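Engineer: Would you mind keeping the following structure in view while I ask a few things?
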Amino acid sequence: HSLDLMEPEMMSPRFSSPGGNNTEGLTTADAARQKMQIKSFTAWVNLHLKTVQMECLNLQTDLADGIMLLKLVEIISEEQLGKYNKNPVSKFQKIENLNIPLKFINSFLTEVGIRNSYSAENILEENLTLILGMIWSLILRYNVAQVSEGDKTAKEGLLLWAKTKIAEVSNGKVEVHNFHNSWQDGIAFNCLIQAYRPDLVDYRKLTASKKITNLNQAFDIAEKHIDIPKLLDANDMVTMRPDEKSVMTYVSFFWKAFAANKRKNMAGERITHVVQREQAYADMQMQYKQQAQEMNEWALAKTTELSEGSSINSQAELEVLLKAYVDYSRTEKTAKQQELLDMEALFSSITSRLATLDREFVPPEELTLAALQKRWAELTQAEQQYEAKLNALLKNLKKVELYIKLFNNKALKLDDWLDDKETWLGQSLRPLQEISSDTEYANQAAVEKKEEEEAAEAAAARRAHPKRPSFIDSIANAILPNRQRQASAPVMGADAVSPSLPRTKSEKMVDNKLPATAERSGSPMPRLLKMASKPKVSSALVEAPDSVSDVQAKLNMFAAYEEEFAGRKGAVPELQKLLDKIIELGCPPMRQFSLQNKMGTIEERFASVEQQGVAYVGMLNEELARQQKMDEMRLTFAKRAEALNRWMEEALENLTEAFAHESVAEAEQQLGEFQAFEPALAEHEAEMSEMEAFAAEMSKMGIVKNAYSRFDLEELQRIMGEVKRCAEERTSQLQEALERQQHIEKQKQAFATAAEAVLEFVRQQKQALEVAAPAIAIREDDPGSLMRGKQMLVALEEHLSSKARDARHAQLQPAQELSDFLLEAAALDNPYTRETLTSLETNVSQLEKVIRDKHSFIEAQLAQAQLQISPEQYDEIKKAHTHFDKSKNGSLQELEFNGALRAMGFEMSEEEEQAQFVKFSAPDEAGEPCLTLDGFVSLVLQQFKASDTMDALISAFKTVAGGKDFIMADDLKACVPESETNYLLSNLELREDVGLNYTSFSADVYGKEAPPSTGSEITDMGTSRRLPAD
């Protein structure tokens, strides 16, 4: 079916006669085409003969001895044809030589669609037409027929391939319809070059009218950069109708060169993909190691920092440390915990990815997950110890602050009491001193001179040796600076019953003007000066006694005072014990000094007041003979009133003191201690009732005033009512505090339970993920793994659904509510768990990250293993399939399949083509194998898609290396991008002889042992031979 298309010359009588170069019977156009054919065929023959240092100058005569034709056939077929006559002289010897290659040529003529055969006589007779036909059969078999089997199919396949590539470059602007005038202006040749080497040509810069220039540009570039010989002449192409066979021969060189280049590029893409994956895995491993190293160093430093701790001198410093630790727990620790979780996910991702390649990820021992988790556990232990230390210090300092507050309250009350008694004693001493002054007045004149002399001597002595004045002199100098004037002052009335009255504004101003240093000096003089500015005691208490009853009243009153003094002084040791407790609990030094100074001042003041009392009672005893004894009933009332008042004051002090607790045990202890107060209250309530009865008896006896008592019955009743009210309030307060502390404790336990539930949920989810989506290798040649991968993807998509996500977040809701309550209650420490709401949220978020990572990884594996095609690729494949489907039944026979495959630009050996056809074909209704469109699509895409195996990677390297089992840097640079090439050059081992060893690299990528070297294939002088392995 192809003779009428490809060899019209052989069937025409014009070419049947033997002879030389005569063109008799040829038209001018035919003669011109024959001339063009001779040029192109001669160039094709010499292209191959030059490998054996031979050259054909005249196709009509130079093939006559058979040697040149035999060598040509051996070179292009890569087969040895046997022995021949190397120096043929006779015609018989030449025929014998010619018959050897002609037998080989005639054996495949039917395969390429040529029905006639050739003989030695045709060549010896120099029949140019038949010689050209024979050369064409060789070209058709070993150049054009590589596009497909059969003359017509070869022509169509080659033309379809050229049209497709030229249309892609020109966007359909340059059209090719045949192998003659479509190529005459040279633009089509330039487009073909630009389709594969856009860096060499830009067809848009060409002018269609400059045909010779365009053709020469294409021929020159093809020869220089693509190693395609100049088979055509630009002038012949322009001046005549181009010869189809010559143009087909020339275009077939482009197909062959570009098909080989395409296979190299595909192999380069496969290598690039593997290298990019290796780089990504290396980056992930480096990222893990860097993060693990940073995490290890951080955890070690933080553990050391927390273990060493720092000295704390005050609650303020402790609060700073507590705030810093809380900030660390909420920010730095949480961030590091997230980093650790990310590292675990990264390690899992690296391990699962390398597992698909039969490899393991083994970081340094100190950077393994186990080592990091051990370091994290050490940090957690250090945190627990640090927290316990801070909590102990905080509780201790809280107690210190509470005790200091109690100390100051008690000290303040003692100071107030001392102020009151110093004033009372100072003013009470004055009238007694005035009596003493009146007695001595008569003798004053006699001894005045002597006193002046003694005073002068005393002044001189004081200047030389200063001496502290006596207690009595201090009182006299402070209160009675002018004894004579004071002696004439009127005596106050005796109608008051209380030793103290409220101070006026002016008296407070005088009091405030006293120097602070004098107030705290501890000497009686400054305090007596302060007493002078305080309110005067009732005149009945400060005027001179005029009867025994008055003196006895004052003595009795002083006796009551002494009991009060003893009681008040008994509070000093208790205050000292409280100070000792404060110091024992670790009170800061500066505050210790202040408290000790205050304690010393109180002790000095008690001593001073005691001295004043001694002086006062001494003066009263001197007057005791002139006084009557006070009524025992008044004295009894006063004593009992003082005792009761003292107890009530102490009770009020205890009932109104601040309290604090941090646990249920402390609250229960305080409530128990308070309950022990109730019997004492009942006892003193009974005492109050007895005093009420006693007061009634005094009233019956007509006693209206009681100079011995500071308190009347109403005042005592009022204070007792206040004590009972405060007792009821304290009971309620302690009970409420206990209930609240118990509630907080239950909420802490509930939070710990909720936190453990969240962690258990996360653990179960991770275990379920490992069961539903374990690490497997999904391979395109393993349908079972593909099915398993799809099932895992469906399972993971369910985990990623909004319903599953809401269910995960719902696990946090109980812990969220409990955490909010504890945060509002300021209950930050929880002895039942180490978890916080932030850490729980981090665990749930990390679970989602693991799910997403597994989903992405499996999705990527499936995408890599499954065939995928773009609409443009599908259209191109369908076009080639439809074009070669001659029977129009939707499938290709084997010959049609070969043409379609070549039209797609693929170059395979006959064995490879047959194997691919068998693999993807299916029997038709008649039982004959055929290839449907779907099968053809799968086959074509399989050529683009790399099998992710060691053998596939080695095969890709071998293709790029031109069949050698070593590769050169230039080979990589030609097919692999620069960054990936640099990676390969730094990882491929140098061979001892030449080149780089890609076999061991491929084996390392897939965790295999390198296959043994099989030697290098080298084609020399047209002969294929294999060198032995090193």
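Residues in the structure tokens are named by chain (A, B, ... in the order shown) and by number from 1 within that chain; ligands are numbered from 1 in the order shown.
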For Leu972 of chain A, please output as a list in words all residues within 9 Å (counting only C-alpha atoms; exclusion window: fewer than 3 positions along the same chain).
Structural biologist: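 Counting only C-alpha atoms, the residues come to Gly268, Phe957, Val960, Ala961, Ile967, Met968, Ala969, Cys975, Val976, Pro977, Glu978, Thr981, Leu984 and Leu985 of chain A.
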Engineer: Next, the residues of the selection above should be written as a compact mmCIF listing (two decimals), in the first residue's frame with N, CA and C atoms.
Structural biologist:
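This is the output file result.txt:
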```
# COMPACT_ATOMS: atom_id res chain seq x y z
N GLY A 268 16.41 12.90 33.60
CA GLY A 268 16.86 14.00 34.45
C GLY A 268 15.79 14.44 35.42
N PHE A 957 19.82 7.44 35.80
CA PHE A 957 21.22 7.89 35.74
C PHE A 957 21.90 7.35 34.47
N VAL A 960 20.89 9.31 31.39
CA VAL A 960 21.55 10.62 31.34
C VAL A 960 23.04 10.44 31.00
N ALA A 961 23.63 9.33 31.48
CA ALA A 961 25.05 9.08 31.24
C ALA A 961 25.32 8.49 29.87
N ILE A 967 28.91 8.46 35.54
CA ILE A 967 28.35 9.69 34.99
C ILE A 967 29.33 10.83 35.19
N MET A 968 29.30 11.78 34.28
CA MET A 968 30.19 12.94 34.34
C MET A 968 29.39 14.17 34.78
N ALA A 969 30.11 15.16 35.28
CA ALA A 969 29.44 16.38 35.75
C ALA A 969 28.69 17.07 34.62
N CYS A 975 21.03 17.94 32.11
CA CYS A 975 19.67 17.44 32.31
C CYS A 975 19.07 17.73 33.68
N VAL A 976 19.88 18.17 34.65
CA VAL A 976 19.41 18.37 36.02
C VAL A 976 19.62 19.83 36.41
N PRO A 977 18.66 20.46 37.09
CA PRO A 977 18.83 21.87 37.50
C PRO A 977 20.10 22.07 38.33
N GLU A 978 20.52 23.33 38.41
CA GLU A 978 21.82 23.64 39.01
C GLU A 978 21.89 23.24 40.49
N THR A 981 22.05 19.56 40.81
CA THR A 981 23.35 19.09 40.31
C THR A 981 24.44 19.28 41.36
N LEU A 984 24.18 16.64 43.93
CA LEU A 984 24.70 15.35 43.48
C LEU A 984 26.22 15.34 43.43
N LEU A 985 26.81 16.43 42.97
CA LEU A 985 28.28 16.48 42.87
C LEU A 985 28.92 16.39 44.25
```
Engineer: Skipping near chain neighbours, those fewer than 4 positions away, what residues fall within 12 Å of Gln287 of chain A using only C-alpha atoms, listed as a list in words?
Structural biologist: Gln279, Ala280, Tyr281, Ala282, Asp283, Gln291, Ala292, Gln293, Glu294, Met295, Glu339, Asp342, Met343, Leu346, Phe347, Ile350, Pro363 and Leu367 of chain A
Engineer: Given the selection you just returned, output its residues as a file containing C-alpha atoms, formatted as a PDB file, in the first residue's frame.
Structural biologist:
```
ATOM      1  CA  GLN A 279      17.313  17.386  50.007  1.00  0.00           C
ATOM      2  CA  ALA A 280      13.945  17.805  51.702  1.00  0.00           C
ATOM      3  CA  TYR A 281      14.590  14.772  53.932  1.00  0.00           C
ATOM      4  CA  ALA A 282      18.092  16.042  54.720  1.00  0.00           C
ATOM      5  CA  ASP A 283      16.657  19.465  55.600  1.00  0.00           C
ATOM      6  CA  GLN A 291      15.908  21.937  67.228  1.00  0.00           C
ATOM      7  CA  ALA A 292      16.831  18.948  69.392  1.00  0.00           C
ATOM      8  CA  GLN A 293      20.236  20.466  70.184  1.00  0.00           C
ATOM      9  CA  GLU A 294      18.633  23.795  71.097  1.00  0.00           C
ATOM     10  CA  MET A 295      15.980  22.028  73.182  1.00  0.00           C
ATOM     11  CA  GLU A 339       8.402  22.869  70.126  1.00  0.00           C
ATOM     12  CA  ASP A 342       6.472  19.650  66.932  1.00  0.00           C
ATOM     13  CA  MET A 343       9.788  17.808  67.138  1.00  0.00           C
ATOM     14  CA  LEU A 346       8.790  15.938  62.819  1.00  0.00           C
ATOM     15  CA  PHE A 347      10.616  12.814  64.032  1.00  0.00           C
ATOM     16  CA  ILE A 350      10.963  11.665  59.060  1.00  0.00           C
ATOM     17  CA  PRO A 363      20.157  10.982  65.393  1.00  0.00           C
ATOM     18  CA  LEU A 367      19.324  14.083  70.564  1.00  0.00           C
TER      19      LEU A 367
END
```
Engineer: Please list as number ranges by chain every residue within 12 Å of segment 88-102 of chain A, counting only C-alpha atoms and excluding residues in the same chain fewer than 3 positions away.
Structural biologist: A: 62-77, 79-85, 105-109, 117-125, 131, 134-135, 137-138
Engineer: Suppose we keep C-alpha atoms; can you now write the selection as a PDB file, in the first residue's frame?
Structural biologist:
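Saved file selection-v3.pdb follows:
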```pdb
ATOM      1  CA  ASP A  62      31.944   3.822  -5.510  1.00  0.00           C
ATOM      2  CA  LEU A  63      29.777   0.951  -4.261  1.00  0.00           C
ATOM      3  CA  ALA A  64      30.738  -1.423  -7.049  1.00  0.00           C
ATOM      4  CA  ASP A  65      33.382  -3.511  -5.151  1.00  0.00           C
ATOM      5  CA  GLY A  66      30.936  -4.201  -2.286  1.00  0.00           C
ATOM      6  CA  ILE A  67      33.365  -3.177   0.502  1.00  0.00           C
ATOM      7  CA  MET A  68      31.891   0.285   1.110  1.00  0.00           C
ATOM      8  CA  LEU A  69      28.306  -1.036   1.050  1.00  0.00           C
ATOM      9  CA  LEU A  70      29.197  -3.890   3.416  1.00  0.00           C
ATOM     10  CA  LYS A  71      30.825  -1.474   5.900  1.00  0.00           C
ATOM     11  CA  LEU A  72      27.829   0.876   5.678  1.00  0.00           C
ATOM     12  CA  VAL A  73      25.388  -1.937   6.493  1.00  0.00           C
ATOM     13  CA  GLU A  74      27.555  -3.202   9.386  1.00  0.00           C
ATOM     14  CA  ILE A  75      27.768   0.280  10.887  1.00  0.00           C
ATOM     15  CA  ILE A  76      24.071   1.154  10.773  1.00  0.00           C
ATOM     16  CA  SER A  77      22.873  -2.348  11.780  1.00  0.00           C
ATOM     17  CA  GLU A  79      25.965  -6.430  13.185  1.00  0.00           C
ATOM     18  CA  GLN A  80      28.932  -8.319  11.702  1.00  0.00           C
ATOM     19  CA  LEU A  81      28.121  -9.658   8.189  1.00  0.00           C
ATOM     20  CA  GLY A  82      31.044 -12.070   7.963  1.00  0.00           C
ATOM     21  CA  LYS A  83      34.179 -12.454   5.812  1.00  0.00           C
ATOM     22  CA  TYR A  84      34.621 -10.664   2.479  1.00  0.00           C
ATOM     23  CA  ASN A  85      37.285 -10.024  -0.185  1.00  0.00           C
ATOM     24  CA  ILE A 105      19.067  -5.588   2.786  1.00  0.00           C
ATOM     25  CA  ASN A 106      16.637  -7.786   0.852  1.00  0.00           C
ATOM     26  CA  SER A 107      15.704  -9.571   4.089  1.00  0.00           C
ATOM     27  CA  PHE A 108      13.917  -6.532   5.542  1.00  0.00           C
ATOM     28  CA  LEU A 109      12.502  -4.866   2.415  1.00  0.00           C
ATOM     29  CA  SER A 117      14.652  -6.579  -4.298  1.00  0.00           C
ATOM     30  CA  TYR A 118      18.168  -5.575  -5.334  1.00  0.00           C
ATOM     31  CA  SER A 119      20.985  -7.530  -6.983  1.00  0.00           C
ATOM     32  CA  ALA A 120      24.741  -7.137  -7.416  1.00  0.00           C
ATOM     33  CA  GLU A 121      24.228  -6.647 -11.143  1.00  0.00           C
ATOM     34  CA  ASN A 122      22.143  -3.504 -10.502  1.00  0.00           C
ATOM     35  CA  ILE A 123      25.097  -1.937  -8.733  1.00  0.00           C
ATOM     36  CA  LEU A 124      27.775  -3.198 -11.131  1.00  0.00           C
ATOM     37  CA  GLU A 125      25.693  -1.846 -14.019  1.00  0.00           C
ATOM     38  CA  ILE A 131      21.111   2.422  -6.176  1.00  0.00           C
ATOM     39  CA  MET A 134      18.543   0.775  -2.142  1.00  0.00           C
ATOM     40  CA  ILE A 135      20.029   3.641  -0.123  1.00  0.00           C
ATOM     41  CA  SER A 137      15.536   1.429   1.878  1.00  0.00           C
ATOM     42  CA  LEU A 138      18.460   1.647   4.330  1.00  0.00           C
TER      43      LEU A 138
END
```
Engineer: Extract, using only C-alpha atoms, all DNA, RNA and protein residues at most 7 Å from Ala900 of chain A, discarding same-chain residues fewer than 6 positions from it, and format them as JSON, numbers by chain.
Structural biologist: {"A": [157, 880, 881, 884]}
Engineer: Using C-alpha atoms, can you write the selected residues to a file as a compact mmCIF listing (two decimals), in the first residue's frame?
Structural biologist:
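Result saved to result_30.txt:
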```
# COMPACT_ATOMS: atom_id res chain seq x y z
CA GLY A 157 4.10 9.43 12.11
CA ALA A 880 -1.95 10.58 18.18
CA HIS A 881 -4.16 7.58 19.04
CA PHE A 884 -3.08 6.03 13.79
```
Engineer: Can you pull out every residue within 9 Å of segment 323-335 of chain A, counting only C-alpha atoms, but drop anything in the same chain fewer than 2 positions away, and send it as a ChimeraX atom specification?
Structural biologist: /A:318-321,337-340,387,838-839,842
Engineer: For the selection you just gave me, I'd like the residues written to a file as a CSV table (one decimal), in the first residue's frame, keeping C-alpha atoms.
Structural biologist:
```csv
chain,number,residue,atom,x,y,z
A,318,LEU,CA,9.5,36.5,96.2
A,319,GLU,CA,6.5,38.1,94.4
A,320,VAL,CA,8.9,39.1,91.6
A,321,LEU,CA,10.2,35.5,91.4
A,337,GLN,CA,6.5,22.3,75.1
A,338,GLN,CA,4.9,23.1,71.7
A,339,GLU,CA,8.4,22.9,70.1
A,340,LEU,CA,8.9,19.4,71.7
A,387,GLU,CA,7.7,25.4,92.9
A,838,THR,CA,-2.6,25.7,78.0
A,839,SER,CA,-0.7,22.4,78.0
A,842,THR,CA,-1.4,22.2,73.1
```
Engineer: Provide the atom CA of Gly567 of chain A to atom CA of Gln433 of chain A distance in Å, to one decimal place.
Structural biologist: 28.5 Å
Engineer: List every residue of segment 614-679 of chain A that DSSP, applied to the backbone of this structure, places in alpha helix (DSSP H), and write the result as number ranges by chain.
Structural biologist: A: 614-622, 632-655, 664-675, 677-679
Engineer: How about saving the chosen residues, N, CA and C atoms kept, as a short mmCIF file (atom, residue, chain, number, x, y, z; two decimals), in the first residue's frame?
Structural biologist:
```cif
data_model
loop_
_atom_site.label_atom_id
_atom_site.label_comp_id
_atom_site.auth_asym_id
_atom_site.auth_seq_id
_atom_site.Cartn_x
_atom_site.Cartn_y
_atom_site.Cartn_z
N VAL A 614 6.45 53.46 141.17
CA VAL A 614 7.13 53.34 142.47
C VAL A 614 7.18 54.70 143.17
N ALA A 615 7.51 55.73 142.41
CA ALA A 615 7.58 57.08 142.99
C ALA A 615 6.21 57.52 143.49
N TYR A 616 5.19 57.24 142.68
CA TYR A 616 3.85 57.69 143.02
C TYR A 616 3.34 56.99 144.28
N VAL A 617 3.51 55.66 144.33
CA VAL A 617 3.00 54.95 145.49
C VAL A 617 3.80 55.31 146.74
N GLY A 618 5.08 55.64 146.58
CA GLY A 618 5.86 56.08 147.74
C GLY A 618 5.32 57.36 148.35
N MET A 619 4.96 58.30 147.46
CA MET A 619 4.39 59.55 147.95
C MET A 619 3.04 59.33 148.62
N LEU A 620 2.23 58.38 148.05
CA LEU A 620 0.92 58.11 148.66
C LEU A 620 1.08 57.47 150.04
N ASN A 621 2.06 56.60 150.19
CA ASN A 621 2.29 55.95 151.48
C ASN A 621 2.70 56.96 152.57
N GLU A 622 3.41 58.00 152.12
CA GLU A 622 3.79 59.04 153.09
C GLU A 622 2.56 59.76 153.63
N GLU A 632 -14.43 48.96 150.56
CA GLU A 632 -13.99 47.73 149.91
C GLU A 632 -14.89 47.35 148.72
N MET A 633 -16.12 47.75 148.86
CA MET A 633 -17.01 47.40 147.76
C MET A 633 -16.61 48.07 146.47
N ARG A 634 -16.26 49.36 146.54
CA ARG A 634 -15.82 50.08 145.34
C ARG A 634 -14.56 49.43 144.77
N LEU A 635 -13.65 49.11 145.70
CA LEU A 635 -12.39 48.52 145.24
C LEU A 635 -12.65 47.17 144.56
N THR A 636 -13.53 46.41 145.18
CA THR A 636 -13.82 45.10 144.58
C THR A 636 -14.40 45.26 143.17
N PHE A 637 -15.35 46.19 143.06
CA PHE A 637 -15.95 46.43 141.74
C PHE A 637 -14.90 46.85 140.72
N ALA A 638 -14.01 47.74 141.20
CA ALA A 638 -12.99 48.24 140.29
C ALA A 638 -12.08 47.11 139.81
N LYS A 639 -11.69 46.24 140.77
CA LYS A 639 -10.79 45.15 140.36
C LYS A 639 -11.46 44.21 139.37
N ARG A 640 -12.70 43.86 139.72
CA ARG A 640 -13.39 42.93 138.81
C ARG A 640 -13.66 43.59 137.45
N ALA A 641 -13.97 44.92 137.51
CA ALA A 641 -14.20 45.63 136.24
C ALA A 641 -12.94 45.67 135.39
N GLU A 642 -11.80 45.90 136.09
CA GLU A 642 -10.53 45.96 135.35
C GLU A 642 -10.20 44.59 134.74
N ALA A 643 -10.39 43.54 135.54
CA ALA A 643 -10.10 42.20 135.03
C ALA A 643 -11.02 41.84 133.86
N LEU A 644 -12.30 42.16 134.07
CA LEU A 644 -13.25 41.85 132.99
C LEU A 644 -12.95 42.67 131.74
N ASN A 645 -12.64 43.94 131.95
CA ASN A 645 -12.33 44.79 130.81
C ASN A 645 -11.09 44.31 130.06
N ARG A 646 -10.09 43.88 130.89
CA ARG A 646 -8.86 43.40 130.24
C ARG A 646 -9.14 42.16 129.40
N TRP A 647 -9.96 41.26 129.95
CA TRP A 647 -10.29 40.05 129.17
C TRP A 647 -11.07 40.42 127.91
N MET A 648 -12.03 41.37 128.07
CA MET A 648 -12.84 41.74 126.91
C MET A 648 -11.99 42.42 125.83
N GLU A 649 -11.05 43.27 126.28
CA GLU A 649 -10.17 43.91 125.30
C GLU A 649 -9.34 42.87 124.55
N GLU A 650 -8.81 41.91 125.32
CA GLU A 650 -8.03 40.86 124.66
C GLU A 650 -8.92 40.02 123.73
N ALA A 651 -10.15 39.76 124.19
CA ALA A 651 -11.07 38.98 123.35
C ALA A 651 -11.38 39.72 122.05
N LEU A 652 -11.67 41.04 122.20
CA LEU A 652 -11.94 41.83 120.99
C LEU A 652 -10.73 41.86 120.07
N GLU A 653 -9.56 41.96 120.68
CA GLU A 653 -8.34 41.97 119.87
C GLU A 653 -8.20 40.68 119.08
N ASN A 654 -8.45 39.54 119.75
CA ASN A 654 -8.33 38.24 119.07
C ASN A 654 -9.43 38.04 118.03
N LEU A 655 -10.64 38.54 118.37
CA LEU A 655 -11.76 38.33 117.44
C LEU A 655 -11.66 39.19 116.19
N VAL A 664 -7.56 23.24 103.52
CA VAL A 664 -8.70 22.83 104.33
C VAL A 664 -8.25 22.56 105.76
N ALA A 665 -7.05 21.97 105.89
CA ALA A 665 -6.55 21.64 107.23
C ALA A 665 -6.37 22.90 108.06
N GLU A 666 -5.80 23.95 107.48
CA GLU A 666 -5.60 25.19 108.21
C GLU A 666 -6.94 25.80 108.61
N ALA A 667 -7.92 25.76 107.71
CA ALA A 667 -9.23 26.32 108.02
C ALA A 667 -9.90 25.54 109.16
N GLU A 668 -9.80 24.21 109.11
CA GLU A 668 -10.39 23.39 110.17
C GLU A 668 -9.68 23.64 111.50
N GLN A 669 -8.37 23.81 111.46
CA GLN A 669 -7.61 24.09 112.69
C GLN A 669 -8.06 25.40 113.31
N GLN A 670 -8.18 26.47 112.48
CA GLN A 670 -8.61 27.76 113.02
C GLN A 670 -10.03 27.70 113.58
N LEU A 671 -10.91 26.96 112.93
CA LEU A 671 -12.28 26.84 113.43
C LEU A 671 -12.29 26.08 114.76
N GLY A 672 -11.46 25.03 114.86
CA GLY A 672 -11.38 24.29 116.12
C GLY A 672 -10.84 25.15 117.25
N GLU A 673 -9.81 25.95 116.94
CA GLU A 673 -9.25 26.82 117.98
C GLU A 673 -10.29 27.84 118.45
N PHE A 674 -11.08 28.33 117.52
CA PHE A 674 -12.07 29.33 117.91
C PHE A 674 -13.17 28.72 118.78
N GLN A 675 -13.53 27.46 118.50
CA GLN A 675 -14.58 26.83 119.28
C GLN A 675 -14.18 26.68 120.75
N PHE A 677 -12.93 28.96 122.42
CA PHE A 677 -13.19 30.26 123.04
C PHE A 677 -14.58 30.34 123.69
N GLU A 678 -15.50 29.51 123.25
CA GLU A 678 -16.89 29.62 123.70
C GLU A 678 -17.05 29.39 125.22
N PRO A 679 -16.37 28.40 125.82
CA PRO A 679 -16.49 28.26 127.29
C PRO A 679 -16.01 29.50 128.05
#
```
Engineer: Need to verify the contact set: Thr239 of chain A, 12 Å, only C-alpha atoms, exclusion of same-chain residues closer than 6 positions in sequence. Can you return it as a PyMOL selection string?
Structural biologist: chain A and resi 28-29+32-33+36+181+184-185+211-212+233
Engineer: Go ahead and compute the interatomic distance for atom CA of Leu812 of chain A and atom CA of Ala795 of chain A, in Å to one decimal.
Structural biologist: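 Atom-to-atom, atom CA of Leu812 of chain A to atom CA of Ala795 of chain A, that is 23.2 Å.
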